[in-house]
Amino acid sequence: MTIEHAYRVFMGDSLGFHIIFALFGVGLPVLVSLAELYSIVKKNEKARDTAKVWTKIMVVLALSGVVSGTIISMQFSTMWPAFMDFAGEVIGLPFVLEGYAFTLEAIFLAVYVISWDKLKPWAHWLCSLPIIIGAVGSAFFITTVNSFMQSPQGFTLQDGKPVNIEPFTAMFNPATFTMVTHSIMGYLTVVAAAFLAAYAFMVWRNKKPGSRSHYLRVMDKLAILVVIFGAITVILGDASAKHVAKHQPAKLAAMEVHYETQRNAPLQVGGILKDGHLVGSIEIPGALSFLATGSFNGEVKGLNEFAVKERPPLYIHYLFMFKVIMGPLIVALAAGYLAARRWRKNWAENKYLLMALSTTGIIGVLIVEAGWMLAEIGRQPYIIYGVMRTADAAGDSKAIFTFGPLFPLAFIVLFIVTAFALRWQLKPAPKKGDKQ
Amino acid sequence: MSEVVIAAILPAISLAIYLVFAPIEFGASFLRQIPGILNKPSHLHDALSPIWKVSNVFLIFTLTGVAFFFSKATPIVYNFLLIPFICAMLAFLVRTTLYVYMFYSRDEKQNKLFDTVFTISNFAVPLFFGTVIAYLLSGKMEWLSLTAMVVYLLVIFSTILGVSTFYLRYQSERSNKKLQAIADGAFLGYITTVGVLFPWAAKFEMQHIYSSKAVIALFIIVILFAITWFIMRGKELQKYMWPAVNIAVVAVLITILCAQWPWLVYASISFQQAFNGGAYVWHIVTGLAISLVLIAPGFVLLYKLMKEQPVSKATSLKAAGLDRKDTKEG
């Protein structure tokens, strides 16, 4: 492993863990707020209890998320000196603004948590809005940095140094809209899917027979959210693919292992990579052209247009496939459940459907991971597309080999303990005198 | 005011806020180890409450602010700071993992080993940050330099002091000699470090600070707070201890920063040389003004709520007359 790879692996590993906390940090406040709003509008005490339980989960995840976020900020500062030198000048604005949004979120999260029994219901619900503004704002700002890395603008290069810097032009680059909206809607979908999965699991395993009908009603609402958020995410994903085709054609070509520039290009579904080509894939004629340009006759650039050292690794095809197949599948499962609840009640409680729904949470998280890796690995060999190579941005200290492996280990332990903490939080406290 | 000064002040304010709140939870782990304190579980619970994790946002803001505003320094300093930062990060992870375990676990018989590692990690985090501060002050990356040792002592005393005064604030209406003794000891250690050891270390390794008028200001601040402490030893005034001590700790930080000016890393890189945020520093200030409109009421509300007792009867939906659904389903 080269030093560059070591830096990439250990930064990627930290980000890979942090993104899980981050996606819940964005999606969960929305769910909690909606649940509390529902409880107030419908005057439903049970919905209020549900919102309280979800708040406990939000706190545990925020706790671990704040720390992983702190570590990410330290890693950026120390592991990517050349990137920081360049990016600090051009795209530092959203990084700092993200700090403000995060502060707003954290302060009101604390307010929200301790004021359940201290404020009137509407006043308490209002406190959830700044958390959402902060969480979504935070995701917005940090994603603009990533979109800048994909589609840099707002500066002129002079002897390798940026001049004539326009921070807002850098922030609002061609990739901003599709990346920000697709990411945030994706997070909302996945968080709703994760909760849908948890409730489906409890119904499937009949964890609390007395609460079964309540759980099913909660599942109804969550499934509606998955369908709405998921459908929007899929539409935005299509817009994102068109953006990639226009601004990062090498990435799209690698995603589809597409070598020759052609019109009516086929979409290759599935398959296994062998000697740089796909074996056993299903070809849908013209579908790649349609995906990339909106026309079956649109031209799609092939990998042969780019020098070998400018091409991203081809294994991103697997990430792309996982994302585009599993994403709509989650939405379809939620829609299927809703249809069953409407027309065939007993089908909705079918154990196979519940089993399938129970997996949507983990699959959703994996989709987010795959999407993030697709964006980052697909941009290689650049850290800032077309401007700075990853190899030039990384540090050169060999200490990374000694300390680097400790991070994934520490993150795994944190994850396991966080999972246990969630379990301890949700499990009713044993009453005194109860036998163990 | 120049853009560089503004860019230096913003993370400094954030750091000051962090230093006011962080010692409470860092120090609480230390207090866990002292027999007799644990019989106040509610206080310990308060000091280790997840709410204090909010303070981490100020650390993030400080790190991000310095890293981006002064990013020209990154290629020069990262090699020196990589190891202390990695150690701090790992200590952070260990601390959080054990915190999550200890705070949420229902196991009443806490594992002694975990407890000890948790306490060590609570001191390790500020100590590794102390190494970074020592590097910035002296321009030398030595783990056991004179400056580093003095900074470590300051960090330890500030940490113990922070939590001790927090407890004294709680105990203001009761007499608790043991707590007062801890706080007194920590404060005396702090005064000794700031008043004697710091200028002494400065004489040998940080001439720029020693020759600065800021050191005289530092002495005056320390003496003023020593007098304040002595006056406030009476039970009636103990509730003022927390703000007083925090001001003392922050005052020292500000004095050091002023004395350090114009060097980011002493005799190596100035703030001006490292400054890289000219294109957007005013946007940041505007953003801060806008966000303060939302953040400041949040702080006020949080402070008021922390003082209030729960009034659950008045705020449940049932009590408010909003509940119409029965909860028959169990």
# chains A, B, ... in the order shown; residues from 1 in each chain; ligands from 1

$ residues_around --residues "segment 281-285 of chain A" --least-positions-apart "3" --cutoff "7 Å" --atoms "only C-alpha atoms" --output "MDAnalysis selection string"
chainID A and resid 264:271 278

$ residues_around --residues "segment 75-90 of chain B" --least-positions-apart "5" --cutoff "6 Å" --atoms "only C-alpha atoms" --output "number ranges by chain"
A: 71, 78, 81; B: 125, 128

$ residues_around --residues "Ser71 of chain B" --least-positions-apart "2" --cutoff "12 Å" --atoms "only C-alpha atoms" --output "PyMOL selection string"
(chain A and resi 76-78+80-92) or (chain B and resi 7+63-69+73-78+264+269-278)

$ write_last_selection --atoms "N, CA and C atoms" --output "CSV table (one decimal), in the first residue's frame"
chain,number,residue,atom,x,y,z
A,76,PHE,N,-9.1,16.3,8.2
A,76,PHE,CA,-9.0,17.2,7.1
A,76,PHE,C,-7.8,18.1,7.3
A,77,SER,N,-7.7,18.6,8.5
A,77,SER,CA,-6.7,19.6,8.8
A,77,SER,C,-5.3,19.0,8.7
A,78,THR,N,-5.1,17.7,9.0
A,78,THR,CA,-3.8,17.2,9.2
A,78,THR,C,-3.4,16.2,8.1
A,80,TRP,N,-4.5,16.2,4.7
A,80,TRP,CA,-4.6,16.6,3.3
A,80,TRP,C,-4.0,18.1,3.2
A,81,PRO,N,-2.7,18.2,3.4
A,81,PRO,CA,-2.2,19.6,3.5
A,81,PRO,C,-2.3,20.4,2.2
A,82,ALA,N,-2.0,19.8,1.0
A,82,ALA,CA,-2.1,20.5,-0.2
A,82,ALA,C,-3.6,20.9,-0.6
A,83,PHE,N,-4.5,19.9,-0.3
A,83,PHE,CA,-5.9,20.2,-0.5
A,83,PHE,C,-6.4,21.3,0.3
A,84,MET,N,-5.9,21.3,1.6
A,84,MET,CA,-6.4,22.4,2.5
A,84,MET,C,-5.8,23.7,2.1
A,85,ASP,N,-4.6,23.7,1.6
A,85,ASP,CA,-4.0,25.0,1.1
A,85,ASP,C,-4.8,25.6,0.0
A,86,PHE,N,-5.3,24.7,-1.0
A,86,PHE,CA,-6.0,25.1,-2.1
A,86,PHE,C,-7.5,25.4,-1.7
A,87,ALA,N,-8.1,24.4,-1.1
A,87,ALA,CA,-9.5,24.5,-0.8
A,87,ALA,C,-9.8,25.6,0.3
A,88,GLY,N,-8.9,25.8,1.2
A,88,GLY,CA,-9.1,26.8,2.2
A,88,GLY,C,-9.3,28.2,1.6
A,89,GLU,N,-8.7,28.4,0.5
A,89,GLU,CA,-8.8,29.7,-0.1
A,89,GLU,C,-10.1,29.9,-0.9
A,90,VAL,N,-10.5,28.8,-1.6
A,90,VAL,CA,-11.6,28.8,-2.5
A,90,VAL,C,-12.9,28.4,-1.9
A,91,ILE,N,-12.9,27.3,-1.2
A,91,ILE,CA,-14.2,26.7,-0.7
A,91,ILE,C,-14.3,26.6,0.8
A,92,GLY,N,-13.5,27.5,1.5
A,92,GLY,CA,-13.6,27.5,3.0
A,92,GLY,C,-14.9,28.0,3.5
B,7,ALA,N,-10.2,37.0,11.2
B,7,ALA,CA,-10.0,35.6,11.0
B,7,ALA,C,-9.4,34.9,12.2
B,63,LEU,N,-11.4,24.3,15.1
B,63,LEU,CA,-10.4,23.5,14.2
B,63,LEU,C,-10.7,23.9,12.7
B,64,THR,N,-12.0,24.0,12.4
B,64,THR,CA,-12.3,24.3,11.0
B,64,THR,C,-11.9,25.7,10.6
B,65,GLY,N,-12.2,26.6,11.6
B,65,GLY,CA,-11.8,28.0,11.4
B,65,GLY,C,-10.3,28.2,11.1
B,66,VAL,N,-9.5,27.6,12.0
B,66,VAL,CA,-8.1,27.8,11.9
B,66,VAL,C,-7.6,27.1,10.6
B,67,ALA,N,-8.1,25.9,10.4
B,67,ALA,CA,-7.7,25.1,9.2
B,67,ALA,C,-8.0,25.8,7.9
B,68,PHE,N,-9.1,26.5,7.8
B,68,PHE,CA,-9.4,27.1,6.5
B,68,PHE,C,-9.0,28.5,6.4
B,69,PHE,N,-9.1,29.3,7.5
B,69,PHE,CA,-8.6,30.7,7.4
B,69,PHE,C,-7.1,30.8,7.3
B,73,ALA,N,-0.7,27.5,6.2
B,73,ALA,CA,0.3,26.9,7.2
B,73,ALA,C,0.2,25.4,7.1
B,74,THR,N,-0.9,24.9,6.6
B,74,THR,CA,-1.1,23.4,6.7
B,74,THR,C,0.1,22.6,6.1
B,75,PRO,N,0.5,22.9,4.9
B,75,PRO,CA,1.6,22.1,4.4
B,75,PRO,C,2.9,22.1,5.2
B,76,ILE,N,3.0,23.2,6.0
B,76,ILE,CA,4.2,23.3,6.8
B,76,ILE,C,4.1,22.6,8.2
B,77,VAL,N,2.9,22.8,8.8
B,77,VAL,CA,2.8,22.3,10.2
B,77,VAL,C,2.2,20.9,10.3
B,78,TYR,N,1.6,20.3,9.2
B,78,TYR,CA,0.9,19.1,9.4
B,78,TYR,C,1.8,17.9,9.8
B,264,LEU,N,1.6,32.6,14.3
B,264,LEU,CA,0.7,31.5,14.5
B,264,LEU,C,1.5,30.3,15.1
B,269,ILE,N,5.8,30.8,11.4
B,269,ILE,CA,4.7,31.2,10.4
B,269,ILE,C,3.9,32.3,11.2
B,270,SER,N,3.7,33.4,10.5
B,270,SER,CA,2.8,34.4,11.1
B,270,SER,C,1.4,34.2,10.7
B,271,PHE,N,0.5,34.8,11.4
B,271,PHE,CA,-0.9,34.7,11.0
B,271,PHE,C,-1.1,35.2,9.6
B,272,GLN,N,-0.4,36.4,9.3
B,272,GLN,CA,-0.5,37.0,8.0
B,272,GLN,C,0.0,36.1,6.9
B,273,GLN,N,1.1,35.4,7.2
B,273,GLN,CA,1.7,34.5,6.1
B,273,GLN,C,0.7,33.3,5.9
B,274,ALA,N,0.1,32.9,6.9
B,274,ALA,CA,-0.8,31.7,6.8
B,274,ALA,C,-2.2,32.0,6.3
B,275,PHE,N,-2.5,33.3,6.3
B,275,PHE,CA,-3.9,33.7,6.1
B,275,PHE,C,-4.3,33.3,4.6
B,276,ASN,N,-5.5,32.7,4.5
B,276,ASN,CA,-5.9,32.2,3.2
B,276,ASN,C,-7.4,32.5,2.9
B,277,GLY,N,-8.0,33.2,3.9
B,277,GLY,CA,-9.5,33.4,3.7
B,277,GLY,C,-9.9,34.8,3.3
B,278,GLY,N,-9.0,35.5,2.6
B,278,GLY,CA,-9.3,36.9,2.3
B,278,GLY,C,-10.6,37.0,1.4

$ closest_residue --among "A:Ala194, A:Val111, A:Val163, A:Leu252" --to "Ala292 of chain A" --atoms "only C-alpha atoms"
A:Leu252

$ select_by_dssp --residues "segment 306-419 of chain A" --states "alpha helix (DSSP H)" --output "PyMOL selection string"
chain A and resi 316-343+345-348+351-358+360-377+390-393+399-403+406-419

$ write_last_selection --atoms "C-alpha atoms" --output "mmCIF file, in the first residue's frame"
data_model
loop_
_atom_site.group_PDB
_atom_site.id
_atom_site.type_symbol
_atom_site.label_atom_id
_atom_site.label_comp_id
_atom_site.auth_asym_id
_atom_site.auth_seq_id
_atom_site.Cartn_x
_atom_site.Cartn_y
_atom_site.Cartn_z
ATOM 1 C CA ILE A 316 -17.542 1.517 -9.492
ATOM 2 C CA HIS A 317 -19.899 -0.322 -11.861
ATOM 3 C CA TYR A 318 -20.862 -2.571 -8.934
ATOM 4 C CA LEU A 319 -21.584 0.437 -6.709
ATOM 5 C CA PHE A 320 -23.689 2.008 -9.455
ATOM 6 C CA MET A 321 -25.642 -1.195 -10.027
ATOM 7 C CA PHE A 322 -26.284 -1.716 -6.335
ATOM 8 C CA LYS A 323 -27.581 1.833 -6.041
ATOM 9 C CA VAL A 324 -29.870 1.874 -9.065
ATOM 10 C CA ILE A 325 -31.339 -1.568 -8.406
ATOM 11 C CA MET A 326 -31.768 -1.481 -4.639
ATOM 12 C CA GLY A 327 -32.980 2.140 -4.347
ATOM 13 C CA PRO A 328 -36.168 1.697 -6.390
ATOM 14 C CA LEU A 329 -36.624 -1.749 -4.777
ATOM 15 C CA ILE A 330 -36.963 -0.173 -1.312
ATOM 16 C CA VAL A 331 -39.533 2.279 -2.668
ATOM 17 C CA ALA A 332 -41.391 -0.568 -4.380
ATOM 18 C CA LEU A 333 -41.457 -2.618 -1.160
ATOM 19 C CA ALA A 334 -42.877 0.311 0.805
ATOM 20 C CA ALA A 335 -45.444 0.955 -1.949
ATOM 21 C CA GLY A 336 -46.326 -2.749 -1.975
ATOM 22 C CA TYR A 337 -46.890 -2.688 1.765
ATOM 23 C CA LEU A 338 -49.146 0.361 1.471
ATOM 24 C CA ALA A 339 -51.138 -1.269 -1.329
ATOM 25 C CA ALA A 340 -51.542 -4.405 0.779
ATOM 26 C CA ARG A 341 -52.713 -2.365 3.778
ATOM 27 C CA ARG A 342 -55.269 -0.669 1.553
ATOM 28 C CA TRP A 343 -56.640 -3.661 -0.321
ATOM 29 C CA LYS A 345 -54.843 -6.356 5.035
ATOM 30 C CA ASN A 346 -53.675 -9.916 5.668
ATOM 31 C CA TRP A 347 -50.989 -9.611 2.965
ATOM 32 C CA ALA A 348 -49.525 -6.621 4.798
ATOM 33 C CA LYS A 351 -44.134 -12.744 7.235
ATOM 34 C CA TYR A 352 -42.215 -12.710 3.944
ATOM 35 C CA LEU A 353 -43.238 -9.125 3.214
ATOM 36 C CA LEU A 354 -42.335 -8.156 6.780
ATOM 37 C CA MET A 355 -39.005 -9.969 6.456
ATOM 38 C CA ALA A 356 -38.286 -8.093 3.233
ATOM 39 C CA LEU A 357 -39.272 -4.777 4.834
ATOM 40 C CA SER A 358 -36.989 -5.550 7.781
ATOM 41 C CA THR A 360 -34.764 -1.989 3.984
ATOM 42 C CA GLY A 361 -32.885 -0.146 6.718
ATOM 43 C CA ILE A 362 -29.576 -1.907 6.225
ATOM 44 C CA ILE A 363 -29.960 -1.849 2.444
ATOM 45 C CA GLY A 364 -30.747 1.868 2.599
ATOM 46 C CA VAL A 365 -27.594 2.608 4.585
ATOM 47 C CA LEU A 366 -25.571 0.516 2.122
ATOM 48 C CA ILE A 367 -27.090 2.487 -0.766
ATOM 49 C CA VAL A 368 -25.938 5.749 0.824
ATOM 50 C CA GLU A 369 -22.463 4.266 1.299
ATOM 51 C CA ALA A 370 -22.427 3.045 -2.309
ATOM 52 C CA GLY A 371 -23.601 6.433 -3.587
ATOM 53 C CA TRP A 372 -20.944 8.268 -1.619
ATOM 54 C CA MET A 373 -18.198 5.870 -2.758
ATOM 55 C CA LEU A 374 -19.428 6.169 -6.341
ATOM 56 C CA ALA A 375 -19.113 9.956 -6.165
ATOM 57 C CA GLU A 376 -15.660 9.861 -4.550
ATOM 58 C CA ILE A 377 -14.010 6.922 -6.301
ATOM 59 C CA THR A 390 -5.364 12.964 -5.043
ATOM 60 C CA ALA A 391 -1.726 11.886 -5.010
ATOM 61 C CA ASP A 392 -0.646 15.538 -4.847
ATOM 62 C CA ALA A 393 -3.094 16.400 -2.082
ATOM 63 C CA ALA A 399 3.219 7.608 10.698
ATOM 64 C CA ILE A 400 -0.068 6.916 8.930
ATOM 65 C CA PHE A 401 0.927 3.249 8.605
ATOM 66 C CA THR A 402 1.411 2.971 12.355
ATOM 67 C CA PHE A 403 -1.658 4.842 13.543
ATOM 68 C CA LEU A 406 -6.329 2.000 14.789
ATOM 69 C CA PHE A 407 -9.093 4.231 13.422
ATOM 70 C CA PRO A 408 -11.265 1.571 11.795
ATOM 71 C CA LEU A 409 -10.851 -0.548 14.927
ATOM 72 C CA ALA A 410 -11.891 2.308 17.194
ATOM 73 C CA PHE A 411 -14.834 3.200 14.930
ATOM 74 C CA ILE A 412 -16.045 -0.407 14.888
ATOM 75 C CA VAL A 413 -16.003 -0.514 18.694
ATOM 76 C CA LEU A 414 -17.843 2.828 18.811
ATOM 77 C CA PHE A 415 -20.434 1.422 16.431
ATOM 78 C CA ILE A 416 -21.003 -1.706 18.468
ATOM 79 C CA VAL A 417 -21.304 0.260 21.706
ATOM 80 C CA THR A 418 -23.671 2.761 20.042
ATOM 81 C CA ALA A 419 -25.839 -0.124 18.866
#

$ closest_residue --among "B:Phe129, B:Tyr135, B:Phe61, B:Phe114" --to "chain A" --atoms "only C-alpha atoms"
B:Phe61

$ closest_residue --among "A:Pro312, A:Pro405, A:Pro152, A:Gly186" --to "chain B" --atoms "only C-alpha atoms"
A:Pro405

$ closest_residue --among "B:Ile9, B:Val54, B:Leu153, B:Ile17" --to "chain A" --atoms "only C-alpha atoms"
B:Val54

$ closest_residue --among "A:Ile384, A:Val279, A:Ala394, A:Val30" --to "chain B" --atoms "only C-alpha atoms"
A:Ala394

$ closest_residue --among "B:Ser145, B:Thr286, B:Asn122, B:Thr116" --to "chain A" --atoms "only C-alpha atoms"
B:Thr286

$ residues_around --residues "Val60 of chain A" --least-positions-apart "6" --cutoff "10 Å" --atoms "only C-alpha atoms" --output "MDAnalysis selection string"
(chainID A and resid 21 418:419 421:422 425) or (chainID B and resid 50 100 104)

$ residues_around --residues "Gly65 of chain A" --least-positions-apart "4" --cutoff "7 Å" --atoms "only C-alpha atoms" --output "list of chain:residue names"
A:His18, A:Phe21, A:Ala22, A:Leu61, A:Gly69

$ write_last_selection --atoms "N, CA and C atoms" --output "short mmCIF file (atom, residue, chain, number, x, y, z; two decimals), in the first residue's frame"
data_model
loop_
_atom_site.label_atom_id
_atom_site.label_comp_id
_atom_site.auth_asym_id
_atom_site.auth_seq_id
_atom_site.Cartn_x
_atom_site.Cartn_y
_atom_site.Cartn_z
N HIS A 18 -18.73 8.00 9.51
CA HIS A 18 -19.40 9.25 9.89
C HIS A 18 -20.68 9.47 9.07
N PHE A 21 -23.81 8.22 10.76
CA PHE A 21 -24.33 9.12 11.80
C PHE A 21 -24.93 10.37 11.15
N ALA A 22 -24.23 10.86 10.10
CA ALA A 22 -24.68 12.10 9.45
C ALA A 22 -26.05 11.94 8.82
N LEU A 61 -27.42 8.81 18.68
CA LEU A 61 -26.73 8.91 17.40
C LEU A 61 -26.02 10.25 17.25
N GLY A 69 -17.67 13.59 13.79
CA GLY A 69 -17.51 14.84 13.03
C GLY A 69 -16.28 15.61 13.47
#

$ residues_around --residues "Ile247 of chain B" --least-positions-apart "6" --cutoff "10 Å" --atoms "only C-alpha atoms" --output "VMD selection string"
chain B and resid 16 20 221 225 241 253

$ write_last_selection --atoms "N, CA and C atoms" --output "PDB file, in the first residue's frame"
ATOM      1  N   ALA B  16     -12.548  29.821  23.226  1.00  0.00           N
ATOM      2  CA  ALA B  16     -12.832  30.292  24.586  1.00  0.00           C
ATOM      3  C   ALA B  16     -14.130  29.670  25.107  1.00  0.00           C
ATOM      4  N   VAL B  20     -14.711  26.968  28.298  1.00  0.00           N
ATOM      5  CA  VAL B  20     -15.595  27.211  29.437  1.00  0.00           C
ATOM      6  C   VAL B  20     -16.384  25.941  29.774  1.00  0.00           C
ATOM      7  N   ILE B 221      -4.347  39.811  36.020  1.00  0.00           N
ATOM      8  CA  ILE B 221      -5.581  39.004  35.980  1.00  0.00           C
ATOM      9  C   ILE B 221      -5.538  37.920  37.039  1.00  0.00           C
ATOM     10  N   PHE B 225      -8.048  37.527  40.233  1.00  0.00           N
ATOM     11  CA  PHE B 225      -8.903  36.364  40.447  1.00  0.00           C
ATOM     12  C   PHE B 225      -8.548  35.607  41.723  1.00  0.00           C
ATOM     13  N   MET B 241     -18.738  31.241  41.636  1.00  0.00           N
ATOM     14  CA  MET B 241     -17.418  30.675  41.367  1.00  0.00           C
ATOM     15  C   MET B 241     -17.240  30.215  39.930  1.00  0.00           C
ATOM     16  N   LEU B 253      -6.087  32.480  28.319  1.00  0.00           N
ATOM     17  CA  LEU B 253      -6.037  32.091  26.904  1.00  0.00           C
ATOM     18  C   LEU B 253      -5.909  33.324  26.019  1.00  0.00           C
TER      19      LEU B 253
END

$ residues_around --residues "Val53 of chain A" --least-positions-apart "2" --cutoff "12 Å" --atoms "only C-alpha atoms" --output "compact mmCIF listing (two decimals) with N, CA and C atoms, in the first residue's frame"
# COMPACT_ATOMS: atom_id res chain seq x y z
N LEU A 28 -33.41 12.06 10.93
CA LEU A 28 -34.16 11.78 12.16
C LEU A 28 -34.90 13.00 12.73
N LEU A 31 -38.17 13.24 10.96
CA LEU A 31 -39.13 12.23 11.40
C LEU A 31 -39.70 12.56 12.79
N VAL A 32 -38.82 12.94 13.70
CA VAL A 32 -39.28 13.25 15.06
C VAL A 32 -40.25 14.43 15.03
N ALA A 35 -43.56 13.36 13.65
CA ALA A 35 -44.30 12.54 14.61
C ALA A 35 -44.93 13.41 15.70
N GLU A 36 -44.16 14.40 16.16
CA GLU A 36 -44.71 15.27 17.21
C GLU A 36 -45.83 16.15 16.65
N LYS A 46 -50.19 8.56 21.87
CA LYS A 46 -49.27 7.46 21.48
C LYS A 46 -48.22 7.97 20.51
N ALA A 47 -48.65 8.84 19.59
CA ALA A 47 -47.70 9.40 18.63
C ALA A 47 -46.66 10.24 19.36
N ARG A 48 -47.11 10.90 20.41
CA ARG A 48 -46.18 11.70 21.22
C ARG A 48 -45.15 10.79 21.90
N ASP A 49 -45.62 9.67 22.41
CA ASP A 49 -44.70 8.71 23.03
C ASP A 49 -43.69 8.19 22.00
N THR A 50 -44.21 7.95 20.78
CA THR A 50 -43.32 7.48 19.71
C THR A 50 -42.24 8.53 19.41
N ALA A 51 -42.67 9.79 19.34
CA ALA A 51 -41.71 10.87 19.07
C ALA A 51 -40.66 10.93 20.18
N THR A 55 -36.70 10.44 19.85
CA THR A 55 -35.77 11.48 20.32
C THR A 55 -34.60 10.85 21.06
N LYS A 56 -34.89 9.81 21.84
CA LYS A 56 -33.81 9.11 22.57
C LYS A 56 -32.79 8.56 21.57
N ILE A 57 -33.31 7.99 20.48
CA ILE A 57 -32.41 7.44 19.45
C ILE A 57 -31.60 8.56 18.83
N MET A 58 -32.29 9.68 18.60
CA MET A 58 -31.61 10.84 17.98
C MET A 58 -30.45 11.31 18.85
N VAL A 59 -30.65 11.30 20.16
CA VAL A 59 -29.60 11.78 21.07
C VAL A 59 -28.38 10.85 21.04
N VAL A 60 -28.63 9.55 21.11
CA VAL A 60 -27.50 8.60 21.11
C VAL A 60 -26.71 8.73 19.81
N VAL A 113 -34.46 18.20 23.75
CA VAL A 113 -34.39 17.00 24.59
C VAL A 113 -34.83 17.31 26.03
N TRP A 116 -39.11 18.42 26.88
CA TRP A 116 -40.32 17.62 26.65
C TRP A 116 -41.37 17.88 27.73
N PHE A 195 -36.44 3.08 9.97
CA PHE A 195 -37.48 2.97 11.02
C PHE A 195 -38.59 2.02 10.57
N LEU A 422 -28.33 2.03 21.99
CA LEU A 422 -29.69 2.18 21.44
C LEU A 422 -30.60 1.10 22.02
N ARG A 423 -30.07 -0.09 22.12
CA ARG A 423 -30.85 -1.20 22.67
C ARG A 423 -31.22 -0.94 24.13
N TRP A 424 -30.21 -0.47 24.89
CA TRP A 424 -30.46 -0.19 26.31
C TRP A 424 -31.48 0.94 26.47
N GLN A 425 -31.41 1.91 25.56
CA GLN A 425 -32.33 3.04 25.63
C GLN A 425 -33.77 2.62 25.35
N LEU A 426 -33.93 1.69 24.42
CA LEU A 426 -35.27 1.32 23.99
C LEU A 426 -35.90 0.23 24.85
N LYS A 427 -35.04 -0.49 25.56
CA LYS A 427 -35.54 -1.57 26.40
C LYS A 427 -36.10 -0.98 27.69
N PRO A 428 -37.31 -1.37 28.10
CA PRO A 428 -37.83 -0.82 29.34
C PRO A 428 -36.94 -1.22 30.52

$ atom_distance --atom1 "atom CA of Val250 of chain B" --atom2 "atom CA of Tyr18 of chain B"
9.8 Å

$ decode --residues "segment 410-422 of chain A" --atoms "N, CA and C atoms" --output "short mmCIF file (atom, residue, chain, number, x, y, z; two decimals), in the first residue's frame"
data_model
loop_
_atom_site.label_atom_id
_atom_site.label_comp_id
_atom_site.auth_asym_id
_atom_site.auth_seq_id
_atom_site.Cartn_x
_atom_site.Cartn_y
_atom_site.Cartn_z
N ALA A 410 -11.21 1.47 16.20
CA ALA A 410 -11.89 2.31 17.19
C ALA A 410 -13.32 2.63 16.74
N PHE A 411 -13.49 2.89 15.44
CA PHE A 411 -14.83 3.20 14.93
C PHE A 411 -15.76 1.98 15.04
N ILE A 412 -15.21 0.81 14.79
CA ILE A 412 -16.04 -0.41 14.89
C ILE A 412 -16.53 -0.58 16.33
N VAL A 413 -15.61 -0.38 17.28
CA VAL A 413 -16.00 -0.51 18.69
C VAL A 413 -17.07 0.53 19.03
N LEU A 414 -16.86 1.77 18.55
CA LEU A 414 -17.84 2.83 18.81
C LEU A 414 -19.21 2.43 18.24
N PHE A 415 -19.19 1.84 17.07
CA PHE A 415 -20.43 1.42 16.43
C PHE A 415 -21.15 0.36 17.25
N ILE A 416 -20.39 -0.61 17.70
CA ILE A 416 -21.00 -1.71 18.47
C ILE A 416 -21.60 -1.15 19.76
N VAL A 417 -20.82 -0.30 20.44
CA VAL A 417 -21.30 0.26 21.71
C VAL A 417 -22.53 1.15 21.46
N THR A 418 -22.52 1.91 20.36
CA THR A 418 -23.67 2.76 20.04
C THR A 418 -24.91 1.89 19.81
N ALA A 419 -24.71 0.78 19.12
CA ALA A 419 -25.84 -0.12 18.87
C ALA A 419 -26.39 -0.66 20.19
N PHE A 420 -25.49 -1.03 21.11
CA PHE A 420 -25.94 -1.51 22.42
C PHE A 420 -26.65 -0.39 23.18
N ALA A 421 -26.09 0.82 23.08
CA ALA A 421 -26.70 1.95 23.79
C ALA A 421 -28.13 2.17 23.30
N LEU A 422 -28.33 2.03 21.99
CA LEU A 422 -29.69 2.18 21.44
C LEU A 422 -30.60 1.10 22.02
#
